[in-house]
$ cat protein.csv   # CSV, C-alpha atoms
chain,number,residue,atom,x,y,z
W,1,MET,CA,24.7,41.9,-35.1
W,2,GLU,CA,23.4,38.4,-36.2
W,3,LYS,CA,25.3,38.6,-39.5
W,4,GLN,CA,28.4,39.6,-37.6
W,5,CYS,CA,27.9,37.0,-34.9
W,6,PHE,CA,27.6,34.2,-37.5
W,7,GLY,CA,30.2,35.4,-39.9
W,8,ARG,CA,32.9,32.7,-40.8
W,9,MET,CA,36.4,33.0,-39.6
W,10,ALA,CA,39.2,30.5,-39.2
W,11,GLY,CA,37.8,27.9,-36.7
W,12,SER,CA,39.3,25.4,-34.3
W,13,THR,CA,38.0,23.2,-31.5
W,14,LYS,CA,38.1,25.3,-28.3
W,15,ARG,CA,34.8,26.6,-27.0
W,16,GLU,CA,34.6,29.8,-25.2
W,17,ILE,CA,31.9,31.9,-23.6
W,18,LEU,CA,32.6,35.6,-23.7
W,19,PHE,CA,31.0,37.6,-21.0
W,20,GLY,CA,31.0,41.3,-20.4
W,21,ILE,CA,30.0,42.5,-23.8
W,22,GLN,CA,28.0,45.7,-23.7
W,23,ASP,CA,27.7,46.0,-19.9
W,24,LYS,CA,27.2,42.3,-19.4
W,25,GLU,CA,24.1,42.2,-21.4
W,26,ILE,CA,25.2,40.2,-24.4
W,27,PHE,CA,27.0,36.8,-24.1
W,28,LEU,CA,28.7,35.4,-27.1
W,29,LEU,CA,29.5,31.8,-27.7
W,30,ARG,CA,32.4,31.1,-30.0
W,31,LEU,CA,34.5,28.3,-31.2
W,32,ARG,CA,37.9,30.0,-31.2
W,33,ASN,CA,37.4,32.6,-33.9
W,34,LEU,CA,34.0,31.3,-35.2
W,35,PHE,CA,31.0,32.9,-33.4
W,36,LEU,CA,28.3,30.2,-32.9
W,37,GLY,CA,25.6,32.2,-31.1
W,38,TYR,CA,24.6,34.8,-28.5
W,39,CYS,CA,22.3,35.5,-25.6
W,40,TRP,CA,21.0,39.0,-25.1
W,41,ILE,CA,19.6,39.8,-21.7
W,42,THR,CA,18.0,43.0,-20.3
W,43,PRO,CA,16.7,44.0,-16.8
W,44,GLU,CA,12.9,43.7,-16.4
W,45,ASN,CA,11.4,44.4,-12.9
W,46,ASP,CA,13.0,42.1,-10.4
W,47,GLY,CA,14.4,39.8,-13.1
W,48,LEU,CA,16.3,39.6,-16.3
W,49,TYR,CA,14.6,39.1,-19.7
W,50,ILE,CA,16.2,37.0,-22.4
W,51,GLN,CA,15.6,39.1,-25.5
W,52,ALA,CA,17.3,36.5,-27.7
W,53,LEU,CA,19.2,33.2,-27.4
W,54,THR,CA,20.4,32.1,-30.8
W,55,ILE,CA,22.7,29.5,-32.2
W,56,ALA,CA,23.7,29.4,-35.8
W,57,ASN,CA,21.8,26.8,-37.8
W,58,LYS,CA,24.9,24.8,-38.6
W,59,TYR,CA,25.6,24.3,-34.8
W,60,ARG,CA,22.1,23.5,-33.5
W,61,GLY,CA,21.5,20.2,-32.0
W,62,LYS,CA,25.1,20.0,-30.6
W,63,LYS,CA,24.2,21.3,-27.1
W,64,PHE,CA,25.9,24.7,-27.7
W,65,GLY,CA,22.6,26.5,-26.9
W,66,GLN,CA,22.3,24.5,-23.6
W,67,GLU,CA,25.9,25.5,-22.7
W,68,LEU,CA,25.2,29.2,-23.4
W,69,LEU,CA,21.9,29.1,-21.4
W,70,LYS,CA,23.7,27.3,-18.5
W,71,ARG,CA,26.4,30.0,-18.4
W,72,THR,CA,23.9,32.8,-18.7
W,73,ILE,CA,21.9,31.5,-15.8
W,74,GLU,CA,25.1,31.1,-13.7
W,75,TYR,CA,25.9,34.7,-14.4
W,76,ILE,CA,22.3,35.8,-13.5
W,77,LYS,CA,22.5,33.9,-10.2
W,78,SER,CA,25.6,36.1,-9.3
W,79,THR,CA,23.5,39.2,-9.7
W,80,GLN,CA,20.7,40.7,-7.5
W,81,TYR,CA,18.0,39.4,-9.8
W,82,ASN,CA,15.8,36.5,-8.7
W,83,LYS,CA,14.1,35.4,-12.0
W,84,VAL,CA,14.6,35.0,-15.7
W,85,ILE,CA,11.8,35.6,-18.2
W,86,LEU,CA,11.6,34.9,-21.9
W,87,HIS,CA,9.3,34.4,-24.8
W,88,VAL,CA,9.4,31.3,-27.1
W,89,SER,CA,7.4,30.5,-30.1
W,90,VAL,CA,4.6,28.0,-29.2
W,91,GLY,CA,5.8,25.8,-32.1
W,92,ASN,CA,9.5,25.7,-31.0
W,93,ASN,CA,9.3,22.4,-29.2
W,94,PRO,CA,13.1,21.8,-29.1
W,95,ALA,CA,13.7,25.2,-27.3
W,96,ILE,CA,10.7,24.7,-25.0
W,97,TYR,CA,12.1,21.3,-24.0
W,98,ILE,CA,15.5,22.8,-23.2
W,99,TYR,CA,14.0,25.7,-21.2
W,100,GLU,CA,11.9,23.2,-19.2
W,101,LYS,CA,15.0,21.1,-18.6
W,102,PHE,CA,16.6,24.1,-17.0
W,103,GLY,CA,13.5,24.7,-14.8
W,104,PHE,CA,11.6,27.3,-16.8
W,105,GLU,CA,7.8,27.1,-16.5
W,106,ILE,CA,5.2,28.4,-18.9
W,107,ILE,CA,3.3,31.2,-17.1
W,108,GLY,CA,1.3,32.6,-20.0
W,109,THR,CA,0.8,33.1,-23.7
W,110,ASP,CA,1.2,36.2,-25.8
W,111,VAL,CA,-1.1,35.9,-28.8
W,112,ASP,CA,0.3,37.2,-32.1
W,113,PHE,CA,3.6,38.1,-30.3
W,114,TYR,CA,5.8,37.8,-33.4
W,115,SER,CA,5.4,39.8,-36.6
W,116,SER,CA,4.3,36.6,-38.3
W,117,GLU,CA,1.3,36.7,-36.0
W,118,GLU,CA,2.6,33.6,-34.2
W,119,SER,CA,1.9,33.3,-30.5
W,120,ALA,CA,4.6,32.9,-27.9
W,121,TYR,CA,4.7,31.3,-24.5
W,122,ILE,CA,6.0,33.4,-21.6
W,123,MET,CA,8.4,31.3,-19.6
W,124,GLU,CA,9.9,32.0,-16.2
W,125,LEU,CA,12.7,30.6,-14.1
W,126,VAL,CA,12.6,31.6,-10.4
W,127,LEU,CA,16.1,31.5,-9.0
W,128,SER,CA,16.6,30.1,-5.5
W,129,GLU,CA,18.3,32.4,-3.1
$ encode --input "protein.csv" --output "structure tokens"
Amino acid sequence: MEKQCFGRMAGSTKREILFGIQDKEIFLLRLRNLFLGYCWITPENDGLYIQALTIANKYRGKKFGQELLKRTIEYIKSTQYNKVILHVSVGNNPAIYIYEKFGFEIIGTDVDFYSSEESAYIMELVLSE
């Protein structure tokens, strides 16, 4: 999926967010025919869990990730779920900053969460009704 998502195609300047892929669980961000990233969400208890939010290296730092996160949160607000949960590497300061900017709070730490034995923060965004 990641290779397919980041594969090169003829590009242009129009940004699009594609919703509704695989039962509205994967959101793709593309620049016309060039896929820039994706967000994969799954239900978890009374919320949705962000399994992955990834932007291709070449397009990081250009606010594409923030746009994708914003649109994903907008979608989640339209559902019956009232919170969003995710894990983020404790060393991924740029991502932590963006999540906090969107209202996520650190609610715990999973030690050795990743296969590299790196720990991850558990972050949660409670959505207002």
$ atom_distance --input "protein.csv" --atom1 "CA of Ser78 in chain W" --atom2 "CA of Ile106 in chain W"
23.8 Å
$ closest_residue --input "protein.csv" --among "W:Asn33, W:Glu100, W:Val90, W:Glu105" --to "Glu118 in chain W" --atoms "all atoms listed in the file"
W:Val90
$ residues_around --input "protein.csv" --residues "Ile50 in chain W" --least-positions-apart "2" --cutoff "10 Å" --atoms "all atoms listed in the file" --output "MDAnalysis selection string"
chainID W and resid 25:26 39:44 47:48 52:53 69 72 84:87
$ atom_distance --input "protein.csv" --atom1 "CA of Val111 in chain W" --atom2 "CA of Gly65 in chain W"
25.6 Å
$ atom_distance --input "protein.csv" --atom1 "CA of Gly37 in chain W" --atom2 "CA of Thr54 in chain W"
5.2 Å
$ closest_residue --input "protein.csv" --among "W:Leu125, W:Asp110, W:Pro94, W:Asn57" --to "Tyr81 in chain W" --atoms "all atoms listed in the file"
W:Leu125
$ residues_around --input "protein.csv" --residues "Phe104 in chain W" --least-positions-apart "3" --cutoff "10 Å" --atoms "only C-alpha atoms" --output "VMD selection string"
chain W and resid 83 to 86 96 to 101 107 122 to 127
$ closest_residue --input "protein.csv" --among "W:Leu29, W:Gln51, W:Lys63, W:Ser128" --to "Gln80 in chain W" --atoms "all atoms listed in the file"
W:Ser128
$ closest_residue --input "protein.csv" --among "W:Ala95, W:Leu34, W:Leu28, W:Val88" --to "Leu68 in chain W" --atoms "all atoms listed in the file"
W:Leu28
$ decode --input "protein.csv" --residues "chain W" --atoms "C-alpha atoms" --output "compact mmCIF listing (two decimals), in the first residue's frame"
# COMPACT_ATOMS: atom_id res chain seq x y z
CA MET W 1 0.00 0.00 0.00
CA GLU W 2 2.70 2.52 0.92
CA LYS W 3 4.65 1.84 -2.28
CA GLN W 4 1.46 2.19 -4.28
CA CYS W 5 0.47 5.34 -2.39
CA PHE W 6 3.79 7.07 -3.04
CA GLY W 7 4.39 5.84 -6.58
CA ARG W 8 5.11 8.62 -9.10
CA MET W 9 2.59 9.60 -11.73
CA ALA W 10 2.16 12.71 -13.84
CA GLY W 11 1.59 15.50 -11.32
CA SER W 12 -0.06 18.92 -11.28
CA THR W 13 -1.04 21.50 -8.68
CA LYS W 14 -4.58 20.58 -7.60
CA ARG W 15 -4.85 19.02 -4.10
CA GLU W 16 -7.61 16.55 -3.42
CA ILE W 17 -8.65 14.50 -0.44
CA LEU W 18 -10.24 11.22 -1.49
CA PHE W 19 -12.70 9.85 1.03
CA GLY W 20 -14.60 6.61 1.04
CA ILE W 21 -11.79 4.19 0.24
CA GLN W 22 -12.38 0.80 1.84
CA ASP W 23 -15.54 1.61 3.79
CA LYS W 24 -14.38 5.10 4.73
CA GLU W 25 -11.38 3.83 6.65
CA ILE W 26 -8.53 5.02 4.44
CA PHE W 27 -8.24 8.61 3.28
CA LEU W 28 -5.80 9.37 0.50
CA LEU W 29 -4.21 12.74 -0.16
CA ARG W 30 -3.20 13.34 -3.73
CA LEU W 31 -1.94 16.12 -5.91
CA ARG W 32 -3.91 15.31 -9.08
CA ASN W 33 -2.37 11.97 -10.07
CA LEU W 34 0.43 11.92 -7.50
CA PHE W 35 -0.42 10.31 -4.15
CA LEU W 36 1.16 12.26 -1.29
CA GLY W 37 -0.03 10.31 1.74
CA TYR W 38 -2.83 8.59 3.56
CA CYS W 39 -4.62 8.27 6.88
CA TRP W 40 -5.93 4.87 7.97
CA ILE W 41 -8.54 4.80 10.74
CA THR W 42 -10.32 1.92 12.45
CA PRO W 43 -13.04 1.79 15.13
CA GLU W 44 -11.90 1.29 18.71
CA ASN W 45 -14.46 1.30 21.54
CA ASP W 46 -16.31 4.64 21.39
CA GLY W 47 -13.68 6.27 19.17
CA LEU W 48 -11.66 5.88 16.05
CA TYR W 49 -8.01 4.89 16.09
CA ILE W 50 -5.55 6.39 13.63
CA GLN W 51 -3.50 3.38 12.59
CA ALA W 52 -1.27 5.47 10.34
CA LEU W 53 -1.01 9.00 9.03
CA THR W 54 1.80 9.24 6.52
CA ILE W 55 3.02 11.82 4.05
CA ALA W 56 5.73 11.00 1.51
CA ASN W 57 9.11 12.37 2.62
CA LYS W 58 9.35 14.73 -0.35
CA TYR W 59 6.13 16.50 0.71
CA ARG W 60 6.68 16.74 4.46
CA GLY W 61 6.89 20.20 5.99
CA LYS W 62 4.41 21.62 3.46
CA LYS W 63 1.29 21.28 5.65
CA PHE W 64 -0.13 18.36 3.66
CA GLY W 65 -0.22 16.24 6.82
CA GLN W 66 -2.13 18.94 8.66
CA GLU W 67 -4.65 19.18 5.83
CA LEU W 68 -5.13 15.42 5.82
CA LEU W 69 -5.53 15.34 9.62
CA LYS W 70 -7.98 18.26 9.52
CA ARG W 71 -10.15 16.56 6.90
CA THR W 72 -10.00 13.24 8.73
CA ILE W 73 -11.14 14.88 11.99
CA GLU W 74 -13.95 16.65 10.11
CA TYR W 75 -15.11 13.28 8.82
CA ILE W 76 -14.91 11.68 12.27
CA LYS W 77 -17.04 14.51 13.72
CA SER W 78 -19.76 13.53 11.25
CA THR W 79 -19.90 10.00 12.69
CA GLN W 80 -21.20 8.68 16.01
CA TYR W 81 -17.68 8.51 17.46
CA ASN W 82 -16.63 11.01 20.11
CA LYS W 83 -12.87 10.59 20.27
CA VAL W 84 -9.78 9.92 18.21
CA ILE W 85 -6.83 7.92 19.54
CA LEU W 86 -3.36 7.39 18.08
CA HIS W 87 0.18 6.36 18.94
CA VAL W 88 3.16 8.52 18.03
CA SER W 89 6.85 7.90 18.58
CA VAL W 90 8.12 9.78 21.64
CA GLY W 91 10.88 11.21 19.45
CA ASN W 92 8.64 12.46 16.66
CA ASN W 93 8.44 16.05 17.86
CA PRO W 94 7.06 17.53 14.61
CA ALA W 95 4.11 15.11 14.66
CA ILE W 96 3.50 15.60 18.39
CA TYR W 97 3.43 19.37 17.85
CA ILE W 98 0.85 19.03 15.06
CA TYR W 99 -1.34 16.65 17.05
CA GLU W 100 -1.27 19.00 20.05
CA LYS W 101 -2.11 21.90 17.72
CA PHE W 102 -5.27 19.99 16.75
CA GLY W 103 -6.18 19.41 20.41
CA PHE W 104 -4.76 15.94 21.05
CA GLU W 105 -3.42 15.30 24.55
CA ILE W 106 -0.91 12.71 25.73
CA ILE W 107 -2.78 10.25 27.94
CA GLY W 108 -0.10 7.59 28.38
CA THR W 109 3.02 5.89 27.08
CA ASP W 110 3.45 2.43 25.55
CA VAL W 111 6.99 1.25 26.26
CA ASP W 112 8.64 -0.65 23.38
CA PHE W 113 5.55 -0.07 21.22
CA TYR W 114 7.41 -0.24 17.91
CA SER W 115 9.43 -3.20 16.62
CA SER W 116 12.54 -1.06 17.08
CA GLU W 117 11.71 -1.14 20.83
CA GLU W 118 10.96 2.58 20.71
CA SER W 119 8.24 3.86 23.00
CA ALA W 120 5.14 5.71 21.83
CA TYR W 121 2.84 8.26 23.38
CA ILE W 122 -0.86 7.48 23.36
CA MET W 123 -2.66 10.63 22.30
CA GLU W 124 -6.38 11.33 22.41
CA LEU W 125 -8.67 13.98 20.98
CA VAL W 126 -12.09 14.21 22.62
CA LEU W 127 -14.62 15.61 20.17
CA SER W 128 -17.24 18.02 21.44
CA GLU W 129 -20.82 17.10 20.78
